[in-house]
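Student: Just passing along the structure, written as structure tokens.
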Amino acid sequence: MRPLRACLGAAAAVTLAAAGTTALVASNASGATTALSNQWYAAAPYLMPLDNNPPNAATIMDATGLKAFQLAFVLAPNGGGCSPTWGGTAAVSSDTAVQSVVNTIRAKGGDVSVSIGGYGGTKLGQTCADAASTAAAYQQVITKYGLHAIDFDLEEPEYENTAAIKNEIGAAKILQQNNPGLYVSVTTAGTADGTGWFGKQMLLEAKSQGFTPNNFSIMPFDGGFSGAAAQTSALTNFNSILQSTFGWDQATAYAHEGFSGMNGRSDTGEYFTQADFQTVLDYATSHHMDRFTFWSLNRDRQCTPADNNGTTSGTCSSVAQSDWDFAKYSVKFAGVTPPTTTPTPTPTPTPTPTSCKTAWSSTAVYTAGNEVSYNSHNWKAKWWTQNEVPGASEWGPWQDEGAC
């Protein structure tokens with residue numbers, strides 16, 4: 001993640017608004033928790049629990065239906081060593097602040113993944129002696145929080161260090177083997193061509209070690225991108241890279257591909273609006289991609305003023321929005337309809353009736369553009385959907401085309 005995503009620093013000792021006061025879920029620290037479906041971990045947006053004015057996770061869950069959070073970032077200690085810390089300053093072994101956030105989320109039926117690495121700070125792959133010791137450090141995190149998912153955020157400057165990337169990929173493979181069912185994502189920089197030279201070298205390292213995560217995700221922003229069209233083009237190009245690197249066909253490559261966006265104004269002044277997120281979401285679902293996430297929930301609220309005076313913030317988006325607008329796209333990717341913010345019913349349209357399309361079926365799979373009839377109306381699918389009743393919610397996957 002980019003500069004605004006790597007500034008835990010001394011703030012790791014703050015008392016979190018998101019922590020709340022909830023009872024521990026059963027055996028949480030020992031790992032005896034119920035896993036969510038992989039689709040939820042694939043949809044988990046990033047949350048800095050110790051900095052950037054962390055929002056209350058329970059509030060976001062109530063407002064959006066979100067269940068999974070990607071907590072960031074685990075790093076090596078600022079003074080060096082091979083033990084995991086939050087942001088280089090707060091030792092995982094003695095942590096209670098992040099644990100409290102985890103407890104709050106799990107008490108409401110959700111779960112977390114933990115992201116390691118990011119743009120700033122020293123990474124464990126750089127300081128640990130080899131893949132085994134790197135994996136042992138990360139295993140402490142998995143055991144401490146009872147994780148079912150983990151994210152390797154491999155980017156500058158670490159991914160320019162061949163030995164460090166060898167340690168990180170080797171550690172990811174060891175963790176995958178030693179923790180059956182662990183959801184593993186690998187996130188790296190995006191370019192117009194998909195990913196750059198170092199990203200391609202990381203993929204080749206994974207191939208050489210025989211390591212296949214649930215997905216390789218790119219971050220198509222901070223690289224001269226202009227809206228969703230540039231992002232979907234990069235995703236298409238990255239798919240070709242995955243095919244050529246691993247010998248996969250197109251569908252297999254998409255099934256191992258992910259998107260990690262930045263909501264609102266990026267570090268370099270690009271803008272990504274709610275409409276851009278919807279376009280990329282449609283692309284991800286129609287191509288059956290494995291992951292759709294973004295940086296970050298700390299930024300998923302409007303600045304004051306709304307454009308933040310033309311600067312990028314770690315605590316707001318710099319675009320006009322309601323709180324948690326972007327989180328709702330993650331919820332949609334997970335296959336759930338976000339709750340409506342207002343209970344105002346949608347007026348019933350009264351156009352001249354036309355012939356009805358084939359009746360909607362709860363067992364059929366529909367993709368963008370498919371048409372069905374239901375309750376004497378025709379409906380068009382806005383994205384991939386199954387067993388979501390047409391008209392059940394204004395946030396649903398179906399567009400009302402009028403009476404039939």
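Labeling convention for the structure tokens: chains A, B, ... as they appear, residues from 1 per chain, ligands from 1 in order of appearance.
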Write out as a PyMOL selection string the set of residues from segment 10-245 of chain A that DSSP, computed on the backbone, places in helix (DSSP H, G or I).
Tutor: chain A and resi 10-13+28-30+38-43+57-64+92-94+97-107+124-127+131-145+158-160+162-178+197-209+227-245
Student: Dump as a Markdown table the rows for residues of segment 232-336 of chain A within 9 Å of segment 364-380 of chain A: closest atom pair and distance in Å with one decimal, only C-alpha atoms counted, ordered by chain and rising residue number.
Tutor:
| residue | atom | partner | partner_atom | distance |
| --- | --- | --- | --- | --- |
| A:Asp282 | CA | A:Ala368 | CA | 7.5 |
| A:Thr285 | CA | A:Thr367 | CA | 8.3 |
| A:Ser286 | CA | A:Thr367 | CA | 6.3 |
Student: So how far away is atom CA of Gln386 of chain A from atom CA of Thr363 of chain A, in Å?
Tutor: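 A separation of 6.6 Å between them.
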Student: List as a Markdown table every residue of segment 105-167 of chain A that is in contact with segment 78-101 of chain A, defined as an atom at most 7 Å from one of its atoms (using only C-alpha atoms), together with the nearest atom pair and the distance in Å rounded to one decimal, sorted by chain and then rising number.
Tutor:
| residue | atom | partner | partner_atom | distance |
| --- | --- | --- | --- | --- |
| A:Ile105 | CA | A:Val101 | CA | 6.3 |
| A:Gly121 | CA | A:Gly88 | CA | 6.9 |
| A:Thr122 | CA | A:Asn78 | CA | 6.8 |
| A:Leu124 | CA | A:Cys82 | CA | 6.1 |
| A:Thr127 | CA | A:Cys82 | CA | 5.9 |
| A:Cys128 | CA | A:Cys82 | CA | 5.0 |
| A:Ala137 | CA | A:Ser83 | CA | 5.5 |
| A:Tyr138 | CA | A:Pro84 | CA | 6.8 |
| A:Val141 | CA | A:Val92 | CA | 6.8 |
Student: Would you save the residues from that selection as a PDB file, in the first residue's frame, using C-alpha atoms?
Tutor:
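File written: selection.pdb
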ATOM      1  CA  ILE A 105     -15.965  -7.720  14.842  1.00  0.00           C
ATOM      2  CA  GLY A 121       8.457   0.442   7.158  1.00  0.00           C
ATOM      3  CA  THR A 122      10.741  -2.589   7.341  1.00  0.00           C
ATOM      4  CA  LEU A 124       9.874  -9.232   8.097  1.00  0.00           C
ATOM      5  CA  THR A 127      14.993  -8.893   8.515  1.00  0.00           C
ATOM      6  CA  CYS A 128      14.340 -12.608   9.021  1.00  0.00           C
ATOM      7  CA  ALA A 137       7.059 -14.847  12.739  1.00  0.00           C
ATOM      8  CA  TYR A 138       3.832 -14.743  10.756  1.00  0.00           C
ATOM      9  CA  VAL A 141       0.128 -13.550  14.157  1.00  0.00           C
TER      10      VAL A 141
END
Student: Near segment 195-202 of chain A, counting only C-alpha atoms, which residues have an atom at most 7 Å away, once you skip same-chain residues fewer than 3 positions from it, shown as an NGL selection string?
Tutor: :A and (159-160 or 165 or 188-191 or 205-206 or 238)
Student: Please report, as a ChimeraX atom specification, each residue of segment 38-183 of chain A to which DSSP assigns strand (DSSP E or B) when run on this structure's backbone.
Tutor: /A:46-47,68-75,85-86,90-91,111-117,149-153,183
Student: Residues as selected, N, CA and C atoms, written as a short mmCIF file (atom, residue, chain, number, x, y, z; two decimals), in the first residue's frame, can you do that?
Tutor:
data_model
loop_
_atom_site.label_atom_id
_atom_site.label_comp_id
_atom_site.auth_asym_id
_atom_site.auth_seq_id
_atom_site.Cartn_x
_atom_site.Cartn_y
_atom_site.Cartn_z
N TYR A 46 -9.45 -2.77 3.55
CA TYR A 46 -8.39 -2.52 4.51
C TYR A 46 -8.84 -1.53 5.59
N LEU A 47 -8.41 -1.81 6.81
CA LEU A 47 -8.68 -0.95 7.95
C LEU A 47 -7.40 -0.83 8.77
N ALA A 68 -16.22 -8.71 6.90
CA ALA A 68 -14.79 -9.02 6.94
C ALA A 68 -13.96 -7.75 6.79
N PHE A 69 -12.85 -7.68 7.53
CA PHE A 69 -11.96 -6.53 7.53
C PHE A 69 -10.53 -7.00 7.32
N GLN A 70 -9.75 -6.21 6.56
CA GLN A 70 -8.35 -6.51 6.30
C GLN A 70 -7.51 -5.56 7.16
N LEU A 71 -7.00 -6.04 8.29
CA LEU A 71 -6.28 -5.19 9.23
C LEU A 71 -4.84 -5.00 8.78
N ALA A 72 -4.36 -3.73 8.83
CA ALA A 72 -3.05 -3.40 8.28
C ALA A 72 -2.24 -2.55 9.27
N PHE A 73 -0.91 -2.71 9.32
CA PHE A 73 -0.04 -3.65 8.65
C PHE A 73 0.88 -4.26 9.69
N VAL A 74 1.26 -5.54 9.52
CA VAL A 74 2.26 -6.19 10.36
C VAL A 74 3.63 -6.01 9.72
N LEU A 75 4.59 -5.52 10.50
CA LEU A 75 5.94 -5.23 10.04
C LEU A 75 6.98 -5.79 11.01
N THR A 85 5.23 -7.00 14.54
CA THR A 85 4.69 -5.83 15.24
C THR A 85 3.61 -5.19 14.37
N TRP A 86 2.81 -4.37 15.00
CA TRP A 86 1.88 -3.51 14.26
C TRP A 86 2.62 -2.21 13.96
N ALA A 90 4.31 -1.69 17.83
CA ALA A 90 3.51 -2.39 18.84
C ALA A 90 3.63 -3.90 18.64
N ALA A 91 4.28 -4.57 19.58
CA ALA A 91 4.51 -6.01 19.45
C ALA A 91 3.20 -6.77 19.41
N ASP A 111 -15.32 -11.36 10.82
CA ASP A 111 -13.98 -11.90 11.01
C ASP A 111 -12.98 -10.96 10.35
N VAL A 112 -11.70 -11.24 10.57
CA VAL A 112 -10.63 -10.40 10.03
C VAL A 112 -9.61 -11.23 9.28
N SER A 113 -8.93 -10.57 8.36
CA SER A 113 -7.68 -11.03 7.79
C SER A 113 -6.64 -10.01 8.24
N VAL A 114 -5.37 -10.39 8.23
CA VAL A 114 -4.31 -9.46 8.58
C VAL A 114 -3.40 -9.28 7.38
N SER A 115 -3.05 -8.03 7.07
CA SER A 115 -2.16 -7.73 5.96
C SER A 115 -0.76 -7.45 6.48
N ILE A 116 0.22 -8.04 5.83
CA ILE A 116 1.61 -7.88 6.21
C ILE A 116 2.34 -7.15 5.10
N GLY A 117 3.19 -6.21 5.46
CA GLY A 117 3.95 -5.49 4.46
C GLY A 117 3.50 -4.07 4.28
N ALA A 149 -7.39 -16.08 7.38
CA ALA A 149 -6.97 -15.42 6.14
C ALA A 149 -5.79 -14.50 6.44
N ILE A 150 -4.91 -14.33 5.43
CA ILE A 150 -3.76 -13.45 5.58
C ILE A 150 -3.42 -12.88 4.20
N ASP A 151 -2.93 -11.64 4.20
CA ASP A 151 -2.61 -10.95 2.95
C ASP A 151 -1.14 -10.55 2.95
N PHE A 152 -0.42 -10.90 1.88
CA PHE A 152 0.97 -10.49 1.71
C PHE A 152 0.97 -9.28 0.77
N ASP A 153 1.20 -8.09 1.31
CA ASP A 153 1.23 -6.87 0.51
C ASP A 153 2.68 -6.59 0.15
N TYR A 183 -6.88 -18.75 3.83
CA TYR A 183 -7.04 -17.94 2.62
C TYR A 183 -5.84 -17.02 2.51
#
Student: Neighbours of segment 246-261 of chain A within 6 Å (only C-alpha atoms; same-chain residues fewer than 2 positions away dropped), as a ChimeraX atom specification?
Tutor: /A:214-219,239,242-244,289-294
Student: If I take atom CA of Phe277 of chain A and atom CA of Arg301 of chain A, how far is one from the other in Å, to one decimal?
Tutor: 15.0 Å
Student: What lies within 12 Å of Asn298 of chain A using only C-alpha atoms, ignoring chain neighbours under 5 positions off, as a VMD selection string?
Tutor: chain A and resid 4 to 5 18 45 to 57 60 69 to 72 262 to 264 303 313 to 317 323 to 324 326 to 327
Student: What separation in Å, quoted to one decimal, exists between atom CA of Lys67 of chain A and atom CA of Gln139 of chain A?
Tutor: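 Computing it gives 23.4 Å between the two atoms.
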Student: Near Gly170 of chain A, counting only C-alpha atoms, which residues have an atom at most 10 Å away, once you skip same-chain residues fewer than 6 positions from it, shown as a list in words?
Tutor: Gly125, Asp130, Ala131, Ala132, Thr134, Ala135, Ala164, Gln176, Glu205, Ala206, Gln209, Gly210 and Phe211 of chain A
